[in-house]
Each structure stands twice: as C-alpha cells, then as structure tokens.
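A quick write-up on the structure given underneath.
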Amino acid sequence: MLIRQRESRHVPDIFLLFCESHRLAGIKARKRLHFAFENYSLPYSISFWLHQASLRDEEYIKEAKSNVAQFVYTMHRVGKVVPPKRHILKNISLSFFPGAKIGVLGLNGAGKSTLLRIMAGIDTDIEGEARPQPGLKIGYLPQEPQLNPEQTVRESVEEAVAEVVNALKGLDEVYAKYAEPDADFDKLAAQQGKFEEIIQAHDGHNLNVQLERAADALRLPDWDAKIANLSGGERRRVALCRLLLEKPDMLLLDEPTNHLDAESVAWLERFLHDFEGTVVAITHDRYFLDNVAGWILELDRGEGIPWEGNYSSWLEQKDQRLAQEASQEAARRKSIEKELEWVRQGAKGRQSKGKARLARFEELNNVEYQKRNETNELFIPPGARLGDKVVEVSNLRKSYGDRLLIDDLSFSVPKGAIVGIIGPNGAGKSTLFRMMSGQEQPDAGSITLGETVKLASVDQFRDAMDNSKTVWEEVSGGLDIMKIGNTEMPSRAYVGRFNFKGVDQGKRVGELSGGERGRLHLAKLLQVGGNVLLLDEPTNDLDIETLRALENALLEFPGCAMVISHDRWFLDRIATHILDYQDEGKVEFFEGNFTEYEEYKKRTLGADALEPKRIKYKRIAK
C-alpha cells in the first residue's frame, strides 16, 4: 500500500521513502525529500514500485522518481569488514537531501565514525557504493583533525576564507599601483573589479568581524598562538571554526561538541539550525540532538535504524521497542526508563531532583545499593561512610604566570552533593582538582577535606594506558582477585561491570575506540573505592548508553562527586550544585542544576551573559 501524505513533526516538506524486504512499506510524500532510508537503492525501488503500484498512485510515483535527482548523497548496500572479519556495517543504503539534520547514535564501536569516513571519501575499502552528488562540497570534522603545526591560529583559520583574504590583499595592491607613474589603469580597473566581485559576494569587507565572532563563539586561543603549542581540544576548536567558515554543502561532524563548553555548544546549535546544507553529526550531547536533529539514525549490530524526530521522541520509541525485545535487554530498558522519567518530569520536577537526592543520601548508603546488574551498567565502588564535613574552600587564590585563574573563592560541598563544574577550557577547573588532591598548592586561602573523605580521581588523560595489554590486564594487573576499596572481588567480574564482557576483556587497549578507552579509564581509577569522586571530563567520547549508565551510577552513589563536564543534559540529570568559572578569576557557586543556573544568569545578568566569549584573565602585577 502507499501511505500518501503526512505532515512532518520536525522538518517541513519531508518526503520519506522506505522499502523493506522486497515489500513496499510506505511513502510519506511531500515536495522535498530531506532524508531517505531504505534497504535497497532508490532507483531499484522506484522501478519496483512502478510495477507494484496501482494506477491511482502514479502521480505519487512520478513525484518520487523526479525527486531522485535531488539527492546530494547516496549509499547503496554499503558494508565494512574490520579484523577479525567482523561486519561493522552491513547492507546500509542511505540517501540524503539538502537541509537534512541527522544525528547518528550507537554504542562505541558500532561503526559511527566509520560511516562518516566512508561518506567523506577517506575510507574506500568497502562493500557496495557510496557517492556524493557531482560537485558537492563536503566538510568533514574527524575526532583528531590534522592541522599545520607551523601556522598560527589566525593563519590556520584564514585558510578557510583564502579566496577572500587573497582578494583583499590583491585589492590593496591594486590601490597602491594606481599611484605608480606608469600604471596601466585599464588593467588595474579590471583587476579591481574582479577582486571587488569576490569581496562583495562573501561580505569580505566585514571579514575581520566574521572571524572575531567565530573565534569568540568557539573560544579559540589567541590569534598569534602556534598550532604546535595547542592542546588537542584547542586544535579541535580551530578545526571546527575553519570548517564552518568554509561553508560546505554537507557537514560530516564526528563529536563536534567535544571540548566545547556549554555556551559554545548552544551557539553551534543555532548555527547548524540555520545552516542550509545537510548535516550528519555523531554526538553524545542529547540537548544538541534534541535541538538540532530532525532525524535519528541508530547503528545497531551493523544495521541502520532510522527515526523521524529528535532525541526525546527517539527515546520514547526506543523504550517501546526494547520492551518487545528479549529478556537480556532488560537492564538497558531500565536505564532508559530512568532517564525518560526525568525527561517527562518537566522543569518543576527536575528542580526538586537535586534536593530530593540529598534527602535520600542516607537511604542510598547501604549494602543493597551495591548489588548491580552488570549488563549495560557502570559500577562505582562505594567507599567508607562519609561524615558531615566533606570539602570546604576558603578565600582560595591561584594563578599561573601572570594569569589569575581563581580569585577569593569560597564554598562548601554538602554531604551527598554532586557539583557540576563548568567554564571555558583553560580557566582552571582541572587546577582545582589538583589542589584538592595535593598535587598543587594554592597561592592563598585553603582547601579542607573532612576526616572521613577518601578521594577517587579520574583525570581526562587516557594516553598513559599500555596499548599492548588486554583490557583485563590493564585493570587487574594480572590478578584474579582484586582489592576494590575495602573489599575483594574477582577481577573479571569487576571489569565486566564496566561493560567489558567475555571476549571484550581480551581486546588490546590499542584497539579500543575512544568511548571504550573512557570506560576502561574509569574502571582503572575508580577501584580505590573513594567516597568523594573527582571526575575530569568523564563524558568525553562515551556513547549515550554509557552516559546514561554513568548518570544512573552517580545518582545512586552514596558519596559526593565533583564533575567537570560541558554536557548540559548530563549536568541537568545529576548536578545538585554548579561551580562556574568566569572571567578574571571569578568563580560562582550555585545550588541547582545547569538549566536552573542558566535561568538565574539570564534573570540577573541578561541574555548576553549566555553568549560565548573568549575568556579574559586578570593580570598579576610583577
């Protein structure tokens, strides 16, 4: 049968073609096709439909066939095999139209990055066919972009607008040559016209304003900073800035929100919402998926499962779908239901979440809490019972060189709290953790830990792990029985509680995806069994299933946690307090979650306070 017309909930004028198992499942016909998913290539499907459809449906088939030429990118039966002979992608057929905004979801190792590398033309060792429309300009942001280390930040960014930069320089040279005594005015006038045409077409006279606005939005380092001296996160922001200024027809973004603070992510959301081209983005940022995506493509066991809608609507249908699957999916469904319950509560329910959690602290601190279902859950080993005094910071001051990072900071962490720490990169968030653990000393003021406090720290640096070891060896040190906090347990059982099951424990560390390395990093560093956790960017590279598991583990943890993160959804679910690093050494401590804090800032400082700007440091007089 043919399903004729249906109003799209998210993207206007959507036309969806979907053919499954040699059977026409449906057509949702509108004037423009933004995204089509099928198990067989569209031209073959059109031919099949022509033979199967009745005469009264010819007008819809004619419209469908005419829209085939509008695809900007098609994939036909694409498959990818990785060692040892594992089909990471199989029989994927996708077609994209201008304007589609697609979020790609899937577990770590499901093939999300592989899909984007194939679409970018980087990975050509594939089954099937993947081809863009002739002349399509594709912009691709990998997780680890390669930049010229000899360039400055400005030189690197200006490569994206090289035509305009060269036209501006050329125009200046033309003006200078007009003053020469033997100037060829006709030739110079022709050159001037050519340069001015380029400049006007790209609003080139406002180029500096455009560059400054983009640099502020993504909080780029100083223009004259050398690429070679930048951190990995700073390089990613430079690469993203370059890519957006290039204005491609199609954006392929692999974790674009990594290393962006919350204000920069919000700016990127607005940019992509207004972007006229096609966007395919892998991201774990669920607010980003809610606000940008009109479609969700889930990669599951090599296959692609499309959903028309944003993340919240996908979560609803995912819950229903899991309810119909086998019993081994029970833990995943339970985890999803917990998050879905939070989504449905609305702002009022979310506001009371943090206070309710604090009241439940004593209830959670019992042995029943420690019983965990290993499937798709993370295990945070509980420490000793925490006393009333946790962390007290008084008149803290810290600088690096001539830059003041923290100026006169005072706050107290209550028992049972989860403090979300936010702010631009380089503001001094990790420095606070190093001072709390005694690795660094403050310039003035004090940090006092309660007598019962035992810290468990997880930094953001995962390169120290031995790539030649297996997952089990890296965590266990080869021991069958491990000491986890004050107790002992089988090492393979402990590693399994971080979702490394069976043969996965035999994987080499060097073979792991970024998200798998993140889980391994947590397993290795949390085994000390602390009752106060210091987590530095724990959400980076984690898939949404693992993020959800981490959130649930933190919500049930019978201790305290201080978490550096830019993930707004994550902070809204877990945070009872926010510690915000601002300009010139100011740090603000707020009771509430991220959204409540944003509302407070907007109410007290105005909407401009939520716009991203490059951080300003107060200088220390020598």
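The way I read the labels, and the way they are meant: chains A, B, ... in the order of the structure tokens, residue 1 as the first residue of every chain, and ligand 1 as the first ligand shown, with later ones counted on from there.
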DSSP strand (DSSP E or B) residues within segment 370-487 of chain A, listed as a PyMOL selection string: chain A and resi 391-400+403-413+418-422+444-449+455-458+470+481-484+487
Same residues, C-alpha atoms, saved as an mmCIF file, in the first residue's frame:
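Below is the file that was written, again.cif:
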data_model
loop_
_atom_site.group_PDB
_atom_site.id
_atom_site.type_symbol
_atom_site.label_atom_id
_atom_site.label_comp_id
_atom_site.auth_asym_id
_atom_site.auth_seq_id
_atom_site.Cartn_x
_atom_site.Cartn_y
_atom_site.Cartn_z
ATOM 1 C CA VAL A 391 35.023 19.837 51.300
ATOM 2 C CA GLU A 392 35.417 23.427 52.446
ATOM 3 C CA VAL A 393 37.158 26.023 50.276
ATOM 4 C CA SER A 394 38.009 29.369 51.869
ATOM 5 C CA ASN A 395 39.342 32.529 50.163
ATOM 6 C CA LEU A 396 41.160 30.459 47.532
ATOM 7 C CA ARG A 397 43.502 32.203 45.110
ATOM 8 C CA LYS A 398 45.549 30.623 42.314
ATOM 9 C CA SER A 399 47.493 31.992 39.359
ATOM 10 C CA TYR A 400 49.685 30.676 36.564
ATOM 11 C CA ARG A 403 47.279 34.990 34.783
ATOM 12 C CA LEU A 404 44.903 34.898 37.744
ATOM 13 C CA LEU A 405 42.738 31.767 37.496
ATOM 14 C CA ILE A 406 40.905 31.823 40.841
ATOM 15 C CA ASP A 407 40.354 34.924 42.954
ATOM 16 C CA ASP A 408 38.937 34.727 46.503
ATOM 17 C CA LEU A 409 36.810 31.586 46.024
ATOM 18 C CA SER A 410 34.846 30.194 48.983
ATOM 19 C CA PHE A 411 32.264 27.397 49.027
ATOM 20 C CA SER A 412 31.280 24.294 50.986
ATOM 21 C CA VAL A 413 30.239 20.957 49.469
ATOM 22 C CA ILE A 418 27.115 16.308 43.059
ATOM 23 C CA VAL A 419 28.844 19.501 41.933
ATOM 24 C CA GLY A 420 28.977 20.152 38.196
ATOM 25 C CA ILE A 421 31.979 22.308 37.268
ATOM 26 C CA ILE A 422 31.680 24.379 34.095
ATOM 27 C CA ALA A 444 46.418 31.895 49.166
ATOM 28 C CA GLY A 445 43.430 30.531 51.049
ATOM 29 C CA SER A 446 42.736 26.925 51.942
ATOM 30 C CA ILE A 447 41.041 23.681 50.899
ATOM 31 C CA THR A 448 39.971 21.500 53.827
ATOM 32 C CA LEU A 449 38.786 17.909 53.410
ATOM 33 C CA LEU A 455 39.289 10.848 47.135
ATOM 34 C CA ALA A 456 38.982 8.856 43.925
ATOM 35 C CA SER A 457 40.256 10.916 40.981
ATOM 36 C CA VAL A 458 39.691 10.284 37.283
ATOM 37 C CA THR A 470 44.460 -6.542 27.185
ATOM 38 C CA ILE A 481 41.229 -11.302 42.807
ATOM 39 C CA MET A 482 41.338 -7.512 43.116
ATOM 40 C CA LYS A 483 41.042 -5.197 46.080
ATOM 41 C CA ILE A 484 38.206 -2.787 45.334
ATOM 42 C CA THR A 487 36.662 -5.370 49.772
#
DSSP-assigned alpha helix (DSSP H) among segment 348-492 of chain A, expressed as a ChimeraX atom specification: /A:348-359,361-364,429-436,471-476,491-492
Contact residues around segment 216-223 of chain A with only C-alpha atoms at 12 Å, ignoring same-chain residues under 5 positions, as number ranges by chain: A: 151-158, 208-211, 229-231, 233-242, 244, 256-271, 423-427, 610-616
Generate the output file for the selected residues, C-alpha atoms, as a PDB file, in the first residue's frame.
ATOM      1  CA  GLN A 151      50.902  28.020  11.461  1.00  0.00           C
ATOM      2  CA  THR A 152      49.331  30.424  13.914  1.00  0.00           C
ATOM      3  CA  VAL A 153      45.677  30.090  14.839  1.00  0.00           C
ATOM      4  CA  ARG A 154      44.795  33.001  12.551  1.00  0.00           C
ATOM      5  CA  GLU A 155      46.737  31.580   9.600  1.00  0.00           C
ATOM      6  CA  SER A 156      45.015  28.235  10.018  1.00  0.00           C
ATOM      7  CA  VAL A 157      41.527  29.736  10.249  1.00  0.00           C
ATOM      8  CA  GLU A 158      42.122  32.098   7.309  1.00  0.00           C
ATOM      9  CA  ASN A 208      37.546  40.601  10.444  1.00  0.00           C
ATOM     10  CA  VAL A 209      34.192  40.922  12.192  1.00  0.00           C
ATOM     11  CA  GLN A 210      33.197  37.442  10.981  1.00  0.00           C
ATOM     12  CA  LEU A 211      36.463  35.927  12.178  1.00  0.00           C
ATOM     13  CA  ASN A 229      51.552  24.586  21.228  1.00  0.00           C
ATOM     14  CA  LEU A 230      47.804  23.931  21.415  1.00  0.00           C
ATOM     15  CA  SER A 231      46.095  21.133  23.314  1.00  0.00           C
ATOM     16  CA  GLY A 233      40.825  20.294  22.449  1.00  0.00           C
ATOM     17  CA  GLU A 234      42.089  23.669  21.247  1.00  0.00           C
ATOM     18  CA  ARG A 235      43.084  22.151  17.901  1.00  0.00           C
ATOM     19  CA  ARG A 236      39.601  20.673  17.502  1.00  0.00           C
ATOM     20  CA  ARG A 237      38.034  24.079  18.076  1.00  0.00           C
ATOM     21  CA  VAL A 238      40.327  25.662  15.480  1.00  0.00           C
ATOM     22  CA  ALA A 239      39.476  22.891  13.003  1.00  0.00           C
ATOM     23  CA  LEU A 240      35.740  23.307  13.634  1.00  0.00           C
ATOM     24  CA  CYS A 241      35.985  27.074  13.163  1.00  0.00           C
ATOM     25  CA  ARG A 242      37.795  26.582   9.849  1.00  0.00           C
ATOM     26  CA  LEU A 244      32.217  26.256   9.418  1.00  0.00           C
ATOM     27  CA  PRO A 256      31.654  18.271  17.287  1.00  0.00           C
ATOM     28  CA  THR A 257      30.700  19.160  20.872  1.00  0.00           C
ATOM     29  CA  ASN A 258      33.766  17.535  22.450  1.00  0.00           C
ATOM     30  CA  HIS A 259      35.966  20.178  24.114  1.00  0.00           C
ATOM     31  CA  LEU A 260      33.300  22.862  23.676  1.00  0.00           C
ATOM     32  CA  ASP A 261      31.835  24.487  26.756  1.00  0.00           C
ATOM     33  CA  ALA A 262      28.072  24.756  27.145  1.00  0.00           C
ATOM     34  CA  GLU A 263      27.758  28.276  25.713  1.00  0.00           C
ATOM     35  CA  SER A 264      29.755  27.323  22.612  1.00  0.00           C
ATOM     36  CA  VAL A 265      27.614  24.213  22.092  1.00  0.00           C
ATOM     37  CA  ALA A 266      24.474  26.350  22.295  1.00  0.00           C
ATOM     38  CA  TRP A 267      25.967  28.703  19.689  1.00  0.00           C
ATOM     39  CA  LEU A 268      26.805  25.738  17.426  1.00  0.00           C
ATOM     40  CA  GLU A 269      23.220  24.505  17.748  1.00  0.00           C
ATOM     41  CA  ARG A 270      21.908  27.830  16.483  1.00  0.00           C
ATOM     42  CA  PHE A 271      24.442  27.878  13.647  1.00  0.00           C
ATOM     43  CA  GLY A 423      33.600  27.098  32.298  1.00  0.00           C
ATOM     44  CA  PRO A 424      35.900  27.672  29.324  1.00  0.00           C
ATOM     45  CA  ASN A 425      38.872  25.437  28.681  1.00  0.00           C
ATOM     46  CA  GLY A 426      41.977  26.814  30.368  1.00  0.00           C
ATOM     47  CA  ALA A 427      40.003  28.590  33.090  1.00  0.00           C
ATOM     48  CA  LEU A 610      24.795  33.267  27.958  1.00  0.00           C
ATOM     49  CA  GLU A 611      26.710  34.168  24.787  1.00  0.00           C
ATOM     50  CA  PRO A 612      30.189  32.587  24.454  1.00  0.00           C
ATOM     51  CA  LYS A 613      33.207  34.881  24.579  1.00  0.00           C
ATOM     52  CA  ARG A 614      36.921  34.247  24.751  1.00  0.00           C
ATOM     53  CA  ILE A 615      37.984  34.134  28.382  1.00  0.00           C
ATOM     54  CA  LYS A 616      39.671  37.192  29.885  1.00  0.00           C
TER      55      LYS A 616
END
Using only C-alpha atoms: which of A:Val78, A:Val390, A:Leu94, A:Ala160 has the shortest distance to Glu129 of chain A: A:Val78
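Proximity ranking of A:Gly103, A:Gly515, A:Gly510, A:Gly128 relative to Leu542 of chain A places A:Gly515 first, based on only C-alpha atoms.
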